[in-house]
Amino acid sequence: MGTLTRALQRLCISELSAAPKLIIPVRHRKYVEKPTPGLGISYRRIVHYPEEYTVKPLDVTNLGGRDPVSGRLVAKGIGGGIKHKFHWVQWKREGPKEGPPKVEKVVKIIVDGCRTSHIALIAHENELKYYLATENMKPGDLIRTSMHIPRIPVRAYEGDSYPLGALSIGTQINSVEKYPGLGGFLVHAAGAYATIVRKAPNNRVVIQLPSKREFALPEGCMCTVGKLSNAIHGSTPIGSAQRNRELGNRPRSGLWQRKSGKHGRKIRRLPPVKEITSGNNKKQEIIKLSLDGIHC
Amino acid sequence: MRLTQILLRQHIGKHIKKHWRVQGKKIPRESSALQSLKDKNIPIYEPNEILEETRTFEKVDVIGIIPKQIAFDSTHPNWHSRVCHTYKDENVLLEGLNQAKCLTRTVELQQGLPDKIIIKNSSKELDSRVKKIIYNSHLFDSEQVKLPKLKDPERPAWNFPRLLGISESRRNVLMVAKLLQLIESLSGPQLTKQRFVLNDLQFAFPFEKSGDLIQFLIKGDTLITSDKPLQPITQDAGQDVQLPNLYPIKDTVTLNMENIYEMKNVYPVQKAISKHHPHTVFIHYNATEVKNIYEEEVTDDQILGRSLLKTFTVAATYAKEQFGEDVKVLPKPVTMQAVQSDGKFFHFGVLQLNTLDLDSEDGPKNIWYQTDKMSLFESCSYVSGKPTLVGYNNDVIKHLLALYDNV
């Protein structure tokens, strides 16, 4: 007993190298910043892309409407469903700047679970890649790609890819670039197509999108000719509530929502033709100031 | 001072926090400071360059540490900067038979097997013995492993109960071994004495074609060797027949592009063995292993192409071993037979290898004979607890016998 008392006497606070940190009671809930949905980022799944392009179907992580950074629910109504592997579509159609076009062969039309339109497996020399399949594309078809803009519009067949300036007015197109070199950006959904409406000054071409909005794009923007495949997708009923769950959608409330825009938009005049200028919209760096880590 | 002033004071901690949240984020405005400093030749540093501590670590050799495994990158001893197009057991060719013909410079002169191979009728007793073999390797074997998951494309959400049973590889081994044993017992000791049966041999055939480095690395699952090489079938070297046109695809499409490789011709049966001439190669087809790179179903044409490419590899490695490394047009053609099977379907082929000069415009070509893919039976399963074989086809055993008896 005597030794224990002596040992306790020797032990005093001054000997401790670091004072124990006091736990401060948390008064407010920790603030977590959440992104707003609808800005071009999908909260359905993340695709694990490898470094190099491949046709091997890729693994995905389903997010169920959660933001992968904060982990918080951002988009409602997403979750569950059948897990599909992701087919990496090659959006860039690159061809020769002059001379005869590059010819590629359609090997197979594949039904992809991650998008509405079908995809086409394309072979050229040693390469394999996926493009979005157009309506009448079938295995064995040869498709052409050229980046040359001739004086007279080219005679384009379905699945061919040319710059907007090389095609005649009235042509139905899909997978249109917003500016040269970006890769097909506009018109990707099943059965969708844009129409070349007219030429505009400053080497621009006006196209009408499926939403009837008109865009004036540089004439060097590449696009694919034809209507996209699986046009019946839009008119196919989901069929059952269970089928909707298989598609990865969660049940909806069924409440009449007058103001949410869910039941149709107000009919207004179309906005004027939008001119897309350049793709060099650099995001400005935001500096975050904080007092974290400074102990008084 | 009255107490109420303190008591009624608003707690503004929440507001300060909100203020920090909003005002704590700043986008720096572009100023001309950077440019003016540059003009005066004053060096500019990023804050982190000065603030961050730079420490260099000394390397210490620890005795007894487990050495690092060899990395499969540019530090690998077999790394080459030049890409080699490699064909392995699990690969299939995109364009199937046509691509295999282009790669191996092979043409077909006629449909079906050569006339030299005589197909005789089978007896009832033989058929019943083959049926027994089918039962034994498809149903009665004692192996019980988890079989691949089943999926119904019509009902993708449905999970089938997981089945246990005989694995594909086991089934293939059993079928081929048992059928061979049956054939050997039928063919008599005189012929059987001339033959050897070897299992799991590795072949490697490297070559160069139109500036591309190509190597076939394949396994001969079962190889029958004989003491005499097979006699050539035809004198016609297929000079009038054109190779298929693959435009705009190159014949090396879907071969693996690899930087780690060893270019070495391997024919695993040594010359010192008296029965070292290849006679027939049995190729197993395992649907869970053999896949397209894009993970779509393997087509029949691709399966036929696999037969040709594997047969060619065995014959070509043998030819190089026999006639030297630099042989182009073979002094004597090499004839090889092949059987590909997954235990249910059988595909028979015969290759006459005339040349190893695969790059030339004209000159002799190799000749390929083949049957269609034929099914040994329609189904073999338990029906109401009773083992049932439906739709047995005795063409398969007739063909197998004919190939074995061919000298």
# chains A, B, ... in the order shown; residues from 1 in each chain; ligands from 1

$ interface_residues --of "chain B" --to "chain A" --cutoff "9 Å" --atoms "only C-alpha atoms" --output "count of residues only"
27

$ residues_around --residues "Thr75 of chain B" --least-positions-apart "6" --cutoff "12 Å" --atoms "only C-alpha atoms" --output "PyMOL selection string"
chain B and resi 69+81+259-260

$ select_by_dssp --residues "segment 38-181 of chain B" --states "helix (DSSP H, G or I)" --output "PyMOL selection string"
chain B and resi 38-39+47-51+97-104+124-140+168-181

$ residues_around --residues "Gly343 of chain B" --least-positions-apart "3" --cutoff "9 Å" --atoms "only C-alpha atoms" --output "PyMOL selection string"
chain B and resi 134+137-138+168+171-176+284-285+346+376

$ write_last_selection --atoms "all heavy atoms" --output "compact mmCIF listing (two decimals), in the first residue's frame"
# COMPACT_ATOMS: atom_id res chain seq x y z
N ILE B 134 -20.39 -40.41 -72.62
CA ILE B 134 -21.07 -39.11 -72.46
C ILE B 134 -21.69 -39.03 -71.06
O ILE B 134 -21.51 -38.06 -70.34
CB ILE B 134 -22.14 -38.91 -73.55
CG1 ILE B 134 -21.51 -38.90 -74.93
CG2 ILE B 134 -22.89 -37.59 -73.33
CD1 ILE B 134 -22.49 -38.97 -76.07
N SER B 137 -18.94 -38.60 -68.35
CA SER B 137 -18.22 -37.33 -68.20
C SER B 137 -19.16 -36.14 -68.03
O SER B 137 -18.73 -35.11 -67.53
CB SER B 137 -17.26 -37.10 -69.37
OG SER B 137 -17.71 -37.70 -70.52
N HIS B 138 -20.43 -36.26 -68.42
CA HIS B 138 -21.34 -35.12 -68.26
C HIS B 138 -22.20 -35.21 -67.01
O HIS B 138 -22.66 -34.20 -66.52
CB HIS B 138 -22.26 -35.00 -69.48
CG HIS B 138 -21.57 -34.40 -70.66
ND1 HIS B 138 -21.73 -33.09 -71.02
CD2 HIS B 138 -20.69 -34.92 -71.55
CE1 HIS B 138 -20.99 -32.83 -72.08
NE2 HIS B 138 -20.35 -33.93 -72.43
N GLU B 168 -16.34 -27.30 -66.64
CA GLU B 168 -16.14 -27.46 -68.08
C GLU B 168 -14.80 -28.08 -68.41
O GLU B 168 -14.70 -28.95 -69.28
CB GLU B 168 -16.23 -26.09 -68.77
CG GLU B 168 -17.65 -25.64 -69.00
CD GLU B 168 -17.67 -24.26 -69.57
OE1 GLU B 168 -17.52 -24.13 -70.79
OE2 GLU B 168 -17.83 -23.29 -68.80
N ARG B 171 -14.81 -31.76 -67.69
CA ARG B 171 -15.64 -32.46 -68.67
C ARG B 171 -14.87 -32.66 -69.97
O ARG B 171 -14.87 -33.74 -70.56
CB ARG B 171 -16.88 -31.61 -68.92
CG ARG B 171 -18.07 -32.35 -69.33
CD ARG B 171 -19.22 -31.40 -69.47
NE ARG B 171 -18.87 -30.33 -70.39
CZ ARG B 171 -19.49 -29.15 -70.42
NH1 ARG B 171 -20.47 -28.91 -69.57
NH2 ARG B 171 -19.13 -28.24 -71.28
N ASN B 172 -14.16 -31.59 -70.39
CA ASN B 172 -13.39 -31.67 -71.63
C ASN B 172 -12.32 -32.75 -71.52
O ASN B 172 -12.15 -33.56 -72.43
CB ASN B 172 -12.70 -30.34 -71.91
CG ASN B 172 -13.67 -29.28 -72.35
OD1 ASN B 172 -14.76 -29.61 -72.79
ND2 ASN B 172 -13.29 -28.03 -72.22
N VAL B 173 -11.58 -32.72 -70.39
CA VAL B 173 -10.50 -33.69 -70.20
C VAL B 173 -11.05 -35.10 -70.23
O VAL B 173 -10.52 -35.99 -70.92
CB VAL B 173 -9.78 -33.40 -68.86
CG1 VAL B 173 -8.82 -34.52 -68.52
CG2 VAL B 173 -9.05 -32.07 -68.91
N LEU B 174 -12.16 -35.31 -69.52
CA LEU B 174 -12.75 -36.66 -69.45
C LEU B 174 -13.21 -37.15 -70.81
O LEU B 174 -12.92 -38.27 -71.21
CB LEU B 174 -13.94 -36.66 -68.49
CG LEU B 174 -13.62 -36.60 -67.00
CD1 LEU B 174 -14.91 -36.47 -66.22
CD2 LEU B 174 -12.87 -37.83 -66.57
N MET B 175 -13.92 -36.27 -71.54
CA MET B 175 -14.46 -36.66 -72.85
C MET B 175 -13.34 -37.10 -73.77
O MET B 175 -13.39 -38.16 -74.38
CB MET B 175 -15.21 -35.49 -73.49
CG MET B 175 -16.64 -35.30 -73.06
SD MET B 175 -17.69 -36.69 -73.36
CE MET B 175 -18.00 -36.54 -75.09
N VAL B 176 -12.31 -36.25 -73.88
CA VAL B 176 -11.24 -36.53 -74.84
C VAL B 176 -10.47 -37.78 -74.43
O VAL B 176 -10.21 -38.66 -75.26
CB VAL B 176 -10.30 -35.30 -74.97
CG1 VAL B 176 -9.07 -35.65 -75.77
CG2 VAL B 176 -11.04 -34.15 -75.63
N HIS B 284 -9.30 -27.97 -76.40
CA HIS B 284 -10.49 -27.82 -75.55
C HIS B 284 -11.06 -26.43 -75.74
O HIS B 284 -10.32 -25.46 -75.84
CB HIS B 284 -10.13 -28.00 -74.08
CG HIS B 284 -9.67 -29.38 -73.76
ND1 HIS B 284 -9.16 -29.72 -72.56
CD2 HIS B 284 -9.67 -30.52 -74.51
CE1 HIS B 284 -8.84 -31.01 -72.56
NE2 HIS B 284 -9.15 -31.51 -73.74
N TYR B 285 -12.36 -26.35 -75.75
CA TYR B 285 -13.04 -25.05 -75.80
C TYR B 285 -13.81 -24.89 -74.50
O TYR B 285 -14.72 -25.65 -74.21
CB TYR B 285 -13.98 -24.97 -77.00
CG TYR B 285 -14.74 -23.67 -77.03
CD1 TYR B 285 -14.13 -22.52 -77.49
CD2 TYR B 285 -16.04 -23.58 -76.54
CE1 TYR B 285 -14.80 -21.31 -77.49
CE2 TYR B 285 -16.72 -22.39 -76.53
CZ TYR B 285 -16.09 -21.26 -77.01
OH TYR B 285 -16.74 -20.06 -76.99
N PHE B 346 -18.18 -30.84 -81.72
CA PHE B 346 -16.87 -31.27 -82.21
C PHE B 346 -16.61 -30.60 -83.55
O PHE B 346 -17.52 -30.46 -84.37
CB PHE B 346 -16.82 -32.81 -82.38
CG PHE B 346 -16.55 -33.51 -81.08
CD1 PHE B 346 -17.57 -33.67 -80.16
CD2 PHE B 346 -15.29 -34.00 -80.78
CE1 PHE B 346 -17.33 -34.31 -78.95
CE2 PHE B 346 -15.05 -34.64 -79.58
CZ PHE B 346 -16.07 -34.79 -78.66
N LEU B 376 -22.45 -33.64 -80.73
CA LEU B 376 -22.44 -35.07 -80.36
C LEU B 376 -23.81 -35.50 -79.84
O LEU B 376 -24.20 -36.65 -80.00
CB LEU B 376 -21.36 -35.30 -79.30
CG LEU B 376 -21.11 -36.69 -78.80
CD1 LEU B 376 -20.71 -37.60 -79.96
CD2 LEU B 376 -20.01 -36.71 -77.76

$ select_by_dssp --residues "segment 15-250 of chain A" --states "strand (DSSP E or B)" --output "JSON, numbers by chain"
{"A": [45, 46, 47, 58, 60, 61, 62, 66, 73, 78, 86, 89, 102, 103, 104, 105, 106, 107, 108, 109, 110, 119, 120, 121, 122, 123, 124, 125, 127, 128, 129, 130, 131, 132, 134, 142, 143, 144, 145, 161, 162, 163, 172, 173, 174, 176, 186, 194, 195, 196, 197, 198, 199, 200, 204, 205, 206, 207, 208, 214, 215, 216, 217, 218, 222, 223, 224, 225, 228, 249]}

$ residues_around --residues "Val154 of chain A" --least-positions-apart "3" --cutoff "12 Å" --atoms "only C-alpha atoms" --output "ChimeraX atom specification"
/A:100-101,144-151,157,160-169,171,225

$ residues_around --residues "Arg82 of chain B" --least-positions-apart "5" --cutoff "12 Å" --atoms "only C-alpha atoms" --output "list in words"
Ser74, Gly211, Asp212, Leu213, Ile214, Met257, Glu258, Asn259, Ile260, Tyr261, Glu262 and Met263 of chain B

$ atom_distance --atom1 "atom CA of Leu356 of chain B" --atom2 "atom CA of Ser210 of chain B"
13.8 Å
